[in-house]
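Q: Could you have a look at this structure, given as structure tokens, before my questions?
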Amino acid sequence: MENKKYVYLFSEGNATMRNLLGGKGANLAEMTNLGIPVPQGFTVSTEACTKYYEDGKVINEDIVSQVYRALSTMEEKTNKKFGNVENPLLVSVRSGARVSMPGMMDTILNLGLNDNTVEGLSKLTNNERFAYDSYRRFIQMFSDVVMGIEKRKFEDVLDKVKEVKGAKFDTDLSASDLKEIVKQFKGIYMKEMGKPFPQEPKEQLIESITAVFRSWDNPRAIVYRRLNDIPGDWGTAVNVQSMVFGNMGETSGTGVAFTRNPATGEKLIFGEYLINAQGEDVVAGIRTPQPIAKLKGDLPECYEQFMSIAQNLENHYKDMQDMEFTIEQGKLYFLQTRNGKRTAQAALKVAVDMVNEGLITKKEAILKVEPKQLDALLHPNFDQTEIKNAKVIAKGLPASPGAACGKVYFTAEEAKEHHEQGEKVVLVRLETSPEDIEGMAAAEGILTARGGMTSHAAVVARGMGTCCVAGCGDIRINEKNETFEVSGNVYHKGDYISLDGSTGNVYGQAIKTVEPEISGYFGTFMAWADDIRTLKVRTNADTPRDAMHAVKFGAEGVGLCRTEHMFFDEDRIPAVREMIISKTEEQRRKALVKLLPMQREDFIGIYEAMEGKPVTIRFLDPPLHEFLPTDEEDIKDLAKEMEVGFEELKATVASLHEVNPMMGHRGCRLAVSYPEIAEMQTRAIIEAAIDVKKRKNYDIVPEIMIPLIGEIKELKFVKDIVVRVANEIIDKSGIKLKYLVGTMIEIPRAAITADEIAKEAEFFSFGTNDLTQLTFGFSRDDAGKFLGDYYDKKIYESDPFQRLDQSGVGKLVKMGVELGKQTRPDIHLGICGEHGGDPSSVEFCHSVGLDYVSCSPFRVPVARLAAAQAEVKNPRK
Ligand code: PEP
Ligand code: MG
């Protein structure tokens, strides 16, 4: 049998082979085929990575021999030889998953160097300094990235030698200084690993490939995957590519560039480069890079060629490209191209501009913006009056727009911890690295002292939509004391600062933030999304204010109004409590009479805010004891207030106690026990609708939703109450009013018996919060405590309360849809659990044929876009 192919030369692949070759590998192959100058190389496939894990984290012999074979071809093509002293082949090794993933191992450069080849390289290039500089870089990278030896140990040596030699920059070090550094670096390796630095290039290579595979599963990569919905079984590819050198003198250099501005979307090539440097120098932000326009003066021919290839790449991929290039002694090479990460503002502008330029269609444009990114646009700006009087204490690069205000913390751990305690935090770092990812995700804003617009902090913050000011050299951070100093003032841990990610301004005080205005590109783009999508988007709103907010964001109705939230209002709670502690139906009815006008007013407000758009109102859902105090003192106070005996009230509270309230006396069970509650709520809903219909002439069709149904008979019981009361009021009013009675499907039994339930229910709304907790059998309030262990142990990849568990809970949803339609083909179907605003879950809802999703107001635009993307990928029209 033919062995499986795990290794592909660049000339054997193309852009469509992304799943197999990873994004980087597929694009290197595509560029090779397009005739763009790309250094020779090959890709070890993602399947090799999955095989590595299947085999218990061992690299298979077959993969190793395929790597060696590809290496021989590379040797032939480059006319260089691995480990050869006269003419050594040196390679870079880079990870490359289907989507670019900070958190994984990134790059090893100069692999193939050893004590002999370094001499060869020195002779060949006639540049001993260059050869030893390459070697010391390689030892450091290999030790750090492959073997996990602390980087700091190497940096300390470098700093010490620089100090002794009076060198300001690395470039000031001489060949003999670098030789000394190499010697000391090898010493560190020996001490840490208990064996000498590997001299055999093939061993270096296989170790490095294995390290890339390993890095797929490091904790940072796992966190990144969870934040970005990337499945763990994709694996990463590894790219091995012949080295070209940007550090061979003044006609060499290296840089990164975008075909458009990744922060604003402006159509202008945007990039940075360094003369006489290797790639890591640009990204690490150690030396300050030059703007790409300056290359025109430095190396005009390279500049022209670069500009023309960049433009071709953008036209070819029909998307903004993020490119890495190196110039080796006047010859330009492209090392990578990929669709560039960009801010939400830039994503919208680029998508709209590209349609207007005729480069892409509207449907293609819709796929170019990450739905979750829209969040960033909806985030606050600074209050204009406060900002006018605020003093700028420092200025850095405007790396990721938005406004942030919070307390300063200097480590990712502390930022995360204080965020979890409810504080707003700003993460301040010299520069960030992938292990900071959780702290960055927790922060309102990120401030770094070092790094350019393409530094880790800038790239990651833009992707997250988090405000970031990078490369702020004005501030001096003292990590040990946890302070930073700027113009003589010292800021401590816990002090407030504010950041403006659009200007780069840093303010030494708290500044109020305000909601943003939505217009321009956003409006145009979202209108296209609305034209395309077939799934409606509603909102979960409990107050007229929330409902109005959501309408501004494009909500087409209210999918869930949780009436209990209105009950918690200060002026209502006494009547609610009176109802709860009532001993008789008569007492209860008395209390409900007090609540009726308040509920009616609430519903009038929502109907008016929605201007005739559909509104689903759900009956009281939580267990009643949630409205009562538990503390003795509070019970005493309440007893006084309600003019009942303390002991009596205490006994009532105790009698309402439930061992497992989430599975207790709640939802429709309340209406079964106390039909008068359902009567009052029906009356409030119908009377409010009649009132607004009369006054405003909106065509209101109230949707009355009964929660927590698990049995058709209980639905029928409650529905009968609704129909009796509603019809009585409507008949008396002399007005024609249609209304619907439906249910939530949030108990597995309801999904399983949905054909029965649909005999009575005119609509279903999938309550996937409860459906998830009851399907998994763990509480939505407690799962957070142990889900972390499940991620660590790779049992779950994501939080099923955020991202719908399609294979389990989703199966129940699908079954509910199918059974419901069997009985009632025109049954109206929606979802109102938190998943209604999660893009991958929205896509699922589209695919199973729901009519709408409902989510919190701020997520409405996200859901609209996700719904449009679902339609483009899987058309229902
Ligand atoms: C649900 O269970 O999905 C739902 C929307 O209801 P709640 O979150 O109020 O229980
Ligand atoms: Mg529920």
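Ligands are numbered from 1 in the order shown, residues from 1 within each chain, and chains are lettered A, B, ... in the order they appear in the structure tokens.
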May I have the residues within 7 Å of ligand 1, computed using only C-alpha atoms and all ligand atoms, as a PDB file with N, CA and C atoms, in the first residue's frame?
A:
```pdb
ATOM      1  N   ARG A 562     -38.235  39.002  30.137  1.00  0.00           N
ATOM      2  CA  ARG A 562     -38.304  38.234  31.391  1.00  0.00           C
ATOM      3  C   ARG A 562     -39.042  39.082  32.418  1.00  0.00           C
ATOM      4  N   ASP A 621     -40.836  33.251  35.941  1.00  0.00           N
ATOM      5  CA  ASP A 621     -40.046  32.020  35.794  1.00  0.00           C
ATOM      6  C   ASP A 621     -39.278  31.557  37.043  1.00  0.00           C
ATOM      7  N   GLU A 746     -37.108  24.148  26.871  1.00  0.00           N
ATOM      8  CA  GLU A 746     -35.891  24.282  27.681  1.00  0.00           C
ATOM      9  C   GLU A 746     -35.714  23.114  28.634  1.00  0.00           C
ATOM     10  N   PHE A 766     -36.517  28.225  21.869  1.00  0.00           N
ATOM     11  CA  PHE A 766     -35.593  27.304  22.535  1.00  0.00           C
ATOM     12  C   PHE A 766     -34.809  28.059  23.617  1.00  0.00           C
ATOM     13  N   GLY A 767     -35.032  27.658  24.852  1.00  0.00           N
ATOM     14  CA  GLY A 767     -34.332  28.262  25.987  1.00  0.00           C
ATOM     15  C   GLY A 767     -33.089  27.435  26.234  1.00  0.00           C
ATOM     16  N   THR A 768     -32.063  27.743  25.482  1.00  0.00           N
ATOM     17  CA  THR A 768     -30.898  26.857  25.500  1.00  0.00           C
ATOM     18  C   THR A 768     -30.036  27.021  26.750  1.00  0.00           C
ATOM     19  N   ASN A 769     -30.343  28.025  27.576  1.00  0.00           N
ATOM     20  CA  ASN A 769     -29.609  28.104  28.847  1.00  0.00           C
ATOM     21  C   ASN A 769     -30.039  26.940  29.734  1.00  0.00           C
ATOM     22  N   ASP A 770     -31.356  26.845  29.945  1.00  0.00           N
ATOM     23  CA  ASP A 770     -31.844  25.736  30.759  1.00  0.00           C
ATOM     24  C   ASP A 770     -31.668  24.411  30.032  1.00  0.00           C
ATOM     25  N   LEU A 771     -31.897  24.424  28.731  1.00  0.00           N
ATOM     26  CA  LEU A 771     -31.783  23.159  27.987  1.00  0.00           C
ATOM     27  C   LEU A 771     -30.358  22.607  28.094  1.00  0.00           C
ATOM     28  N   CYS A 832     -33.911  31.870  22.484  1.00  0.00           N
ATOM     29  CA  CYS A 832     -33.700  33.049  23.319  1.00  0.00           C
ATOM     30  C   CYS A 832     -32.654  32.804  24.401  1.00  0.00           C
ATOM     31  N   GLY A 833     -31.995  31.641  24.378  1.00  0.00           N
ATOM     32  CA  GLY A 833     -30.874  31.425  25.292  1.00  0.00           C
ATOM     33  C   GLY A 833     -29.700  32.289  24.847  1.00  0.00           C
ATOM     34  N   GLU A 834     -28.685  32.392  25.696  1.00  0.00           N
ATOM     35  CA  GLU A 834     -27.499  33.225  25.402  1.00  0.00           C
ATOM     36  C   GLU A 834     -26.875  32.900  24.052  1.00  0.00           C
TER      37      GLU A 834
END
```
Q: Just asking: which residues within segment 450-664 of chain A are strand (DSSP E) according to DSSP, as a PyMOL selection string?
A: chain A and resi 467-470+476-478+483-486+489-492+496-500+505-507+513-514+536-540+558-562+615-618
Q: List as a short mmCIF file (atom, residue, chain, number, x, y, z; two decimals) with N, CA, C and O atoms, in the first residue's frame the protein and nucleic acid residues lying within 12 Å of ligand 2, with only C-alpha atoms and all ligand atoms counted.
A:
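This is the output file out01.cif:
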```cif
data_model
loop_
_atom_site.label_atom_id
_atom_site.label_comp_id
_atom_site.auth_asym_id
_atom_site.auth_seq_id
_atom_site.Cartn_x
_atom_site.Cartn_y
_atom_site.Cartn_z
N LEU A 560 -37.58 37.77 23.99
CA LEU A 560 -37.76 37.35 25.37
C LEU A 560 -37.81 38.58 26.28
O LEU A 560 -36.85 39.34 26.36
N CYS A 561 -38.95 38.76 26.92
CA CYS A 561 -39.04 39.75 27.98
C CYS A 561 -39.24 38.96 29.26
O CYS A 561 -40.25 38.28 29.44
N ARG A 562 -38.23 39.00 30.14
CA ARG A 562 -38.30 38.23 31.39
C ARG A 562 -39.04 39.08 32.42
O ARG A 562 -38.47 40.02 32.97
N GLU A 564 -39.88 38.68 35.43
CA GLU A 564 -39.43 38.74 36.82
C GLU A 564 -38.48 39.90 37.06
O GLU A 564 -38.41 40.44 38.16
N ARG A 618 -42.68 36.59 28.52
CA ARG A 618 -42.67 35.31 29.21
C ARG A 618 -43.25 35.46 30.62
O ARG A 618 -42.96 36.43 31.31
N PHE A 619 -44.01 34.48 31.02
CA PHE A 619 -44.55 34.47 32.38
C PHE A 619 -43.43 34.28 33.40
O PHE A 619 -42.35 33.78 33.08
N LEU A 620 -43.79 34.66 34.62
CA LEU A 620 -42.87 34.57 35.75
C LEU A 620 -42.15 33.21 35.77
O LEU A 620 -42.79 32.17 35.67
N ASP A 621 -40.84 33.25 35.94
CA ASP A 621 -40.05 32.02 35.79
C ASP A 621 -39.28 31.56 37.04
O ASP A 621 -39.22 30.36 37.32
N PRO A 622 -38.67 32.47 37.83
CA PRO A 622 -37.77 31.94 38.88
C PRO A 622 -38.53 31.44 40.10
O PRO A 622 -39.68 31.81 40.30
N PRO A 623 -37.87 30.62 40.91
CA PRO A 623 -38.48 30.18 42.16
C PRO A 623 -38.76 31.40 43.04
O PRO A 623 -37.96 32.33 43.09
N MET A 662 -33.29 25.43 40.95
CA MET A 662 -33.33 25.50 39.49
C MET A 662 -34.21 24.39 38.92
O MET A 662 -34.71 24.49 37.81
N MET A 663 -34.35 23.30 39.69
CA MET A 663 -35.22 22.21 39.24
C MET A 663 -36.43 22.11 40.14
O MET A 663 -37.02 21.05 40.31
N ARG A 666 -40.69 26.44 39.92
CA ARG A 666 -40.46 27.61 39.08
C ARG A 666 -41.15 27.41 37.73
O ARG A 666 -41.74 26.36 37.49
N GLY A 667 -41.03 28.43 36.88
CA GLY A 667 -41.60 28.35 35.53
C GLY A 667 -43.10 28.12 35.57
O GLY A 667 -43.80 28.64 36.47
N CYS A 668 -43.59 27.31 34.65
CA CYS A 668 -45.04 27.09 34.57
C CYS A 668 -45.59 26.43 35.83
O CYS A 668 -46.79 26.49 36.10
N MET A 705 -45.59 33.68 26.36
CA MET A 705 -44.70 32.51 26.39
C MET A 705 -44.69 31.87 27.77
O MET A 705 -44.40 32.52 28.78
N ILE A 706 -44.98 30.57 27.80
CA ILE A 706 -45.02 29.82 29.05
C ILE A 706 -43.69 29.09 29.23
O ILE A 706 -43.32 28.29 28.37
N PRO A 707 -42.98 29.36 30.32
CA PRO A 707 -41.65 28.75 30.49
C PRO A 707 -41.69 27.36 31.12
O PRO A 707 -42.65 27.00 31.79
N LEU A 708 -40.60 26.66 30.89
CA LEU A 708 -40.29 25.40 31.58
C LEU A 708 -41.34 24.30 31.44
O LEU A 708 -41.58 23.52 32.35
N ILE A 709 -41.91 24.23 30.26
CA ILE A 709 -42.88 23.17 29.99
C ILE A 709 -42.14 21.85 29.73
O ILE A 709 -41.11 21.84 29.05
N THR A 743 -44.55 28.32 23.87
CA THR A 743 -43.77 27.85 25.01
C THR A 743 -42.28 27.90 24.75
O THR A 743 -41.83 27.96 23.60
N MET A 744 -41.55 27.85 25.84
CA MET A 744 -40.11 27.66 25.70
C MET A 744 -39.86 26.17 25.66
O MET A 744 -40.53 25.39 26.33
N ILE A 745 -38.87 25.81 24.85
CA ILE A 745 -38.41 24.42 24.88
C ILE A 745 -37.08 24.48 25.61
O ILE A 745 -36.06 24.88 25.05
N GLU A 746 -37.11 24.15 26.87
CA GLU A 746 -35.89 24.28 27.68
C GLU A 746 -35.71 23.11 28.63
O GLU A 746 -34.78 23.08 29.43
N ILE A 747 -36.65 22.16 28.55
CA ILE A 747 -36.52 20.93 29.32
C ILE A 747 -36.38 19.82 28.29
O ILE A 747 -37.15 19.80 27.31
N PRO A 748 -35.40 18.94 28.44
CA PRO A 748 -35.23 17.91 27.40
C PRO A 748 -36.53 17.20 27.05
O PRO A 748 -36.80 16.93 25.88
N SER A 765 -39.82 28.72 21.59
CA SER A 765 -38.58 29.46 21.70
C SER A 765 -37.62 28.58 22.49
O SER A 765 -37.91 28.21 23.63
N PHE A 766 -36.52 28.23 21.87
CA PHE A 766 -35.59 27.30 22.54
C PHE A 766 -34.81 28.06 23.62
O PHE A 766 -34.08 29.00 23.32
N GLY A 767 -35.03 27.66 24.85
CA GLY A 767 -34.33 28.26 25.99
C GLY A 767 -33.09 27.43 26.23
O GLY A 767 -33.07 26.53 27.08
N THR A 768 -32.06 27.74 25.48
CA THR A 768 -30.90 26.86 25.50
C THR A 768 -30.04 27.02 26.75
O THR A 768 -29.11 26.24 26.96
N ASN A 769 -30.34 28.03 27.58
CA ASN A 769 -29.61 28.10 28.85
C ASN A 769 -30.04 26.94 29.73
O ASN A 769 -29.22 26.15 30.20
N ASP A 770 -31.36 26.85 29.94
CA ASP A 770 -31.84 25.74 30.76
C ASP A 770 -31.67 24.41 30.03
O ASP A 770 -31.32 23.40 30.65
N LEU A 771 -31.90 24.42 28.73
CA LEU A 771 -31.78 23.16 27.99
C LEU A 771 -30.36 22.61 28.09
O LEU A 771 -30.15 21.40 28.21
N THR A 772 -29.37 23.51 28.11
CA THR A 772 -27.98 23.06 28.25
C THR A 772 -27.75 22.51 29.66
O THR A 772 -27.21 21.42 29.82
N GLN A 773 -28.20 23.26 30.64
CA GLN A 773 -27.92 22.80 32.02
C GLN A 773 -28.64 21.50 32.32
O GLN A 773 -28.12 20.62 32.99
N LEU A 774 -29.83 21.34 31.78
CA LEU A 774 -30.59 20.12 32.09
C LEU A 774 -30.14 18.94 31.23
O LEU A 774 -30.28 17.79 31.63
N SER A 779 -25.23 22.67 36.74
CA SER A 779 -25.86 23.97 36.92
C SER A 779 -25.11 25.07 36.17
O SER A 779 -23.90 25.14 36.22
N ARG A 780 -25.89 25.94 35.54
CA ARG A 780 -25.25 27.04 34.81
C ARG A 780 -24.55 28.01 35.75
O ARG A 780 -23.68 28.76 35.34
N ILE A 831 -34.96 31.14 19.20
CA ILE A 831 -34.09 30.76 20.31
C ILE A 831 -33.90 32.02 21.15
O ILE A 831 -33.78 33.12 20.61
N CYS A 832 -33.91 31.87 22.48
CA CYS A 832 -33.70 33.05 23.32
C CYS A 832 -32.65 32.80 24.40
O CYS A 832 -32.42 33.64 25.25
N GLY A 833 -32.00 31.64 24.38
CA GLY A 833 -30.87 31.43 25.29
C GLY A 833 -29.70 32.29 24.85
O GLY A 833 -29.71 32.83 23.73
N GLU A 834 -28.68 32.39 25.70
CA GLU A 834 -27.50 33.23 25.40
C GLU A 834 -26.87 32.90 24.05
O GLU A 834 -26.21 33.73 23.43
#
```
Q: Quick one: distance from atom CA of Lys583 of chain A to atom CA of Ala651 of chain A in Å, one decimal?
A: 12.1 Å
Q: Give me the segment 324-435 of chain A side of the contact with segment 524-542 of chain A, cut-off 10 Å, one line per residue showing its nearest atom pair and distance in Å at one decimal, counting only C-alpha atoms, sorted by chain and residue number, as JSON lines.
A:
```
{"residue": "A:Leu348", "atom": "CA", "partner": "A:Phe525", "partner_atom": "CA", "distance": 6.8}
{"residue": "A:Lys349", "atom": "CA", "partner": "A:Phe525", "partner_atom": "CA", "distance": 8.8}
{"residue": "A:Ala351", "atom": "CA", "partner": "A:Phe525", "partner_atom": "CA", "distance": 7.9}
{"residue": "A:Val352", "atom": "CA", "partner": "A:Phe525", "partner_atom": "CA", "distance": 6.5}
{"residue": "A:Lys362", "atom": "CA", "partner": "A:Trp528", "partner_atom": "CA", "distance": 6.9}
{"residue": "A:Lys363", "atom": "CA", "partner": "A:Ile532", "partner_atom": "CA", "distance": 7.7}
{"residue": "A:Ala365", "atom": "CA", "partner": "A:Phe525", "partner_atom": "CA", "distance": 8.3}
{"residue": "A:Ile366", "atom": "CA", "partner": "A:Ala529", "partner_atom": "CA", "distance": 6.5}
{"residue": "A:Leu367", "atom": "CA", "partner": "A:Ala529", "partner_atom": "CA", "distance": 9.8}
{"residue": "A:Val369", "atom": "CA", "partner": "A:Phe525", "partner_atom": "CA", "distance": 9.6}
```
Q: According to DSSP computed on the backbone, where in segment 383-488 of chain A is there helix (DSSP H, G or I)? Give the residues as a count of residues only.
A: 32
Q: Which residue gives the smallest distance to Glu762 of chain A among A:Ser92, A:Asn87, A:Thr343, A:Thr823, with only C-alpha atoms counted?
A: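 Looking only at the distances to Glu762 of chain A, the closest residue turns out to be A:Thr823.
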Q: Excluding Glu444 of chain A and any residue of its chain fewer than 2 positions from it, enumerate the residues within 12 Å of it, using only C-alpha atoms, and give them as an MDAnalysis selection string.
A: chainID A and resid 376 379:380 400:409 415:416 418:419 422:428 439:442 446:447 461 464:469 496:501 513
Q: With distances taken over only C-alpha atoms, which residue among A:Gly235, A:Asp602, A:Glu324, A:Asn312 lies nearest Leu274 of chain A?
A: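 Counting only C-alpha atoms, the residue closest to Leu274 of chain A is A:Glu324.
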Q: Which residues are near Glu61 of chain A? Cut-off 12 Å, only C-alpha atoms, ignore same chain within fewer than 2 positions. Put them as a short mmCIF file (atom, residue, chain, number, x, y, z; two decimals) with all heavy atoms, in the first residue's frame.
A:
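The resulting file, selection14.cif, is shown below:
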```cif
data_model
loop_
_atom_site.label_atom_id
_atom_site.label_comp_id
_atom_site.auth_asym_id
_atom_site.auth_seq_id
_atom_site.Cartn_x
_atom_site.Cartn_y
_atom_site.Cartn_z
N ASN A 3 2.26 4.64 0.99
CA ASN A 3 2.24 5.34 2.28
C ASN A 3 1.51 6.67 2.15
O ASN A 3 1.53 7.30 1.11
CB ASN A 3 3.67 5.61 2.74
CG ASN A 3 4.25 4.36 3.39
OD1 ASN A 3 3.52 3.41 3.64
ND2 ASN A 3 5.55 4.40 3.63
N TYR A 6 2.66 12.93 3.91
CA TYR A 6 2.63 13.88 5.02
C TYR A 6 3.42 15.16 4.72
O TYR A 6 3.31 16.12 5.45
CB TYR A 6 3.23 13.25 6.29
CG TYR A 6 2.35 12.20 6.93
CD1 TYR A 6 2.69 10.86 6.92
CD2 TYR A 6 1.17 12.59 7.56
CE1 TYR A 6 1.89 9.91 7.53
CE2 TYR A 6 0.36 11.65 8.17
CZ TYR A 6 0.71 10.31 8.15
OH TYR A 6 -0.09 9.38 8.75
N ALA A 48 0.05 15.19 9.77
CA ALA A 48 1.23 14.65 10.48
C ALA A 48 1.14 15.01 11.95
O ALA A 48 1.52 14.24 12.83
CB ALA A 48 2.51 15.21 9.87
N LYS A 51 -1.43 12.85 13.58
CA LYS A 51 -0.83 11.52 13.69
C LYS A 51 0.11 11.47 14.92
O LYS A 51 0.12 10.49 15.67
CB LYS A 51 -0.07 11.21 12.39
CG LYS A 51 0.67 9.89 12.39
CD LYS A 51 -0.24 8.74 11.93
CE LYS A 51 0.52 7.44 11.90
NZ LYS A 51 -0.12 6.40 12.72
N TYR A 52 0.86 12.55 15.08
CA TYR A 52 1.78 12.65 16.22
C TYR A 52 1.01 12.45 17.53
O TYR A 52 1.43 11.73 18.42
CB TYR A 52 2.47 14.02 16.17
CG TYR A 52 3.16 14.46 17.44
CD1 TYR A 52 4.44 14.03 17.75
CD2 TYR A 52 2.53 15.33 18.32
CE1 TYR A 52 5.08 14.45 18.91
CE2 TYR A 52 3.16 15.76 19.48
CZ TYR A 52 4.42 15.31 19.78
OH TYR A 52 5.05 15.73 20.92
N ASP A 55 -0.39 8.88 17.88
CA ASP A 55 0.65 7.91 18.22
C ASP A 55 1.22 8.13 19.62
O ASP A 55 2.30 7.62 19.94
CB ASP A 55 1.80 7.98 17.20
CG ASP A 55 1.37 7.45 15.84
OD1 ASP A 55 0.27 6.87 15.77
OD2 ASP A 55 2.11 7.63 14.86
N VAL A 58 4.51 10.88 19.56
CA VAL A 58 5.77 10.43 18.98
C VAL A 58 5.69 10.71 17.48
O VAL A 58 4.64 10.51 16.87
CB VAL A 58 6.02 8.91 19.08
CG1 VAL A 58 7.44 8.60 19.45
CG2 VAL A 58 5.03 8.21 19.97
N ILE A 59 6.81 11.16 16.94
CA ILE A 59 6.83 11.44 15.52
C ILE A 59 7.14 10.14 14.78
O ILE A 59 8.11 9.45 15.06
CB ILE A 59 7.77 12.62 15.18
CG1 ILE A 59 7.60 13.01 13.72
CG2 ILE A 59 9.20 12.33 15.51
CD1 ILE A 59 8.05 14.43 13.45
N ILE A 63 6.99 9.79 8.65
CA ILE A 63 7.01 11.25 8.50
C ILE A 63 8.46 11.72 8.45
O ILE A 63 8.84 12.53 7.60
CB ILE A 63 6.26 11.92 9.68
CG1 ILE A 63 4.78 11.50 9.66
CG2 ILE A 63 6.39 13.44 9.62
CD1 ILE A 63 3.96 11.94 10.86
N VAL A 64 9.29 11.16 9.33
CA VAL A 64 10.70 11.56 9.36
C VAL A 64 11.36 11.28 8.00
O VAL A 64 12.04 12.15 7.44
CB VAL A 64 11.46 10.81 10.49
CG1 VAL A 64 12.95 11.09 10.41
CG2 VAL A 64 10.92 11.22 11.85
N SER A 65 11.08 10.11 7.43
CA SER A 65 11.76 9.83 6.16
C SER A 65 11.21 10.70 5.03
O SER A 65 11.96 11.11 4.13
CB SER A 65 11.76 8.35 5.81
OG SER A 65 10.45 7.90 5.73
N GLN A 66 9.92 11.06 5.10
CA GLN A 66 9.39 11.99 4.08
C GLN A 66 10.01 13.38 4.23
O GLN A 66 10.27 14.07 3.24
CB GLN A 66 7.87 12.08 4.19
CG GLN A 66 7.16 10.79 3.76
CD GLN A 66 5.65 10.97 3.64
OE1 GLN A 66 5.17 12.03 3.26
NE2 GLN A 66 4.91 9.92 3.95
N VAL A 67 10.28 13.78 5.48
CA VAL A 67 10.95 15.07 5.71
C VAL A 67 12.35 15.03 5.07
O VAL A 67 12.76 15.96 4.37
CB VAL A 67 11.04 15.39 7.23
CG1 VAL A 67 12.03 16.53 7.50
CG2 VAL A 67 9.67 15.74 7.79
N TYR A 68 13.06 13.94 5.30
CA TYR A 68 14.43 13.83 4.76
C TYR A 68 14.40 13.85 3.24
O TYR A 68 15.27 14.45 2.60
CB TYR A 68 15.11 12.55 5.26
CG TYR A 68 15.45 12.60 6.75
CD1 TYR A 68 15.78 11.43 7.44
CD2 TYR A 68 15.47 13.81 7.45
CE1 TYR A 68 16.09 11.47 8.80
CE2 TYR A 68 15.78 13.83 8.80
CZ TYR A 68 16.08 12.67 9.47
OH TYR A 68 16.39 12.71 10.79
N ILE A 206 14.32 17.69 13.31
CA ILE A 206 13.23 16.82 13.80
C ILE A 206 12.77 17.29 15.19
O ILE A 206 11.58 17.34 15.48
CB ILE A 206 13.65 15.33 13.81
CG1 ILE A 206 13.99 14.87 12.38
CG2 ILE A 206 12.57 14.44 14.41
CD1 ILE A 206 12.87 15.01 11.33
#
```
Q: Find the spatial neighbours of segment 857-860 of chain A, counting only C-alpha atoms, within a cut-off of 7 Å - ignore same-chain residues fewer than 2 positions away - and output them as JSON, numbers by chain.
A: {"A": [537, 539, 540, 546, 549, 550, 553, 554, 555, 837, 855, 862, 863, 864]}
Q: Which one of A:Val118, A:Ser242, A:Arg450, A:Ala751 sits closest to Leu812 of chain A if you count only C-alpha atoms?
A: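 Using only C-alpha atoms, Leu812 of chain A sits closest to A:Ala751.
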Q: Residues within 8 Å of Gly246 of chain A, please, as a list of chain:residue names. Count only C-alpha atoms; anything in the same chain fewer than 3 positions from it doesn't count.
A: A:Gly249, A:Ser252, A:Gly253, A:Thr254, A:Ile275, A:Asn276, A:Ala277, A:Gln278, A:Gly279, A:Thr326, A:Ile327, A:Glu328, A:Gln329
Q: Write a file of the just-selected residues containing N, CA, C and O atoms, as a compact mmCIF listing (two decimals), in the first residue's frame.
A:
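Dumped to part-v3.txt:
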```txt
# COMPACT_ATOMS: atom_id res chain seq x y z
N GLY A 249 24.03 43.12 6.01
CA GLY A 249 24.58 44.43 5.71
C GLY A 249 23.53 45.43 5.26
O GLY A 249 22.33 45.18 5.37
N SER A 252 20.58 44.71 2.91
CA SER A 252 19.67 43.66 3.36
C SER A 252 18.74 44.25 4.40
O SER A 252 19.04 45.26 5.01
N GLY A 253 17.62 43.58 4.57
CA GLY A 253 16.67 44.08 5.56
C GLY A 253 15.48 43.16 5.63
O GLY A 253 15.37 42.18 4.90
N THR A 254 14.59 43.47 6.56
CA THR A 254 13.41 42.63 6.71
C THR A 254 12.26 43.46 7.22
O THR A 254 12.48 44.47 7.90
N ILE A 275 16.61 47.79 8.31
CA ILE A 275 17.77 47.43 7.51
C ILE A 275 18.72 46.61 8.38
O ILE A 275 18.84 46.88 9.58
N ASN A 276 19.36 45.65 7.77
CA ASN A 276 20.34 44.81 8.47
C ASN A 276 19.76 44.18 9.73
O ASN A 276 20.28 44.37 10.82
N ALA A 277 18.69 43.41 9.54
CA ALA A 277 18.05 42.77 10.71
C ALA A 277 17.35 41.50 10.29
O ALA A 277 17.12 41.28 9.11
N GLN A 278 17.01 40.67 11.29
CA GLN A 278 16.19 39.50 11.01
C GLN A 278 14.79 39.72 11.55
O GLN A 278 14.56 40.57 12.41
N GLY A 279 13.84 38.95 11.01
CA GLY A 279 12.42 39.15 11.28
C GLY A 279 12.05 39.39 12.73
O GLY A 279 11.27 40.28 13.04
N THR A 326 11.88 39.70 3.17
CA THR A 326 13.28 39.88 3.53
C THR A 326 14.04 40.27 2.26
O THR A 326 13.74 39.76 1.18
N ILE A 327 14.97 41.16 2.43
CA ILE A 327 15.82 41.52 1.30
C ILE A 327 17.22 41.03 1.65
O ILE A 327 17.75 41.37 2.70
N GLU A 328 17.75 40.16 0.78
CA GLU A 328 19.09 39.64 1.02
C GLU A 328 20.00 40.22 -0.04
O GLU A 328 19.84 39.92 -1.22
N GLN A 329 20.88 41.05 0.38
CA GLN A 329 21.83 41.72 -0.52
C GLN A 329 21.13 42.19 -1.80
O GLN A 329 21.50 41.81 -2.91
```
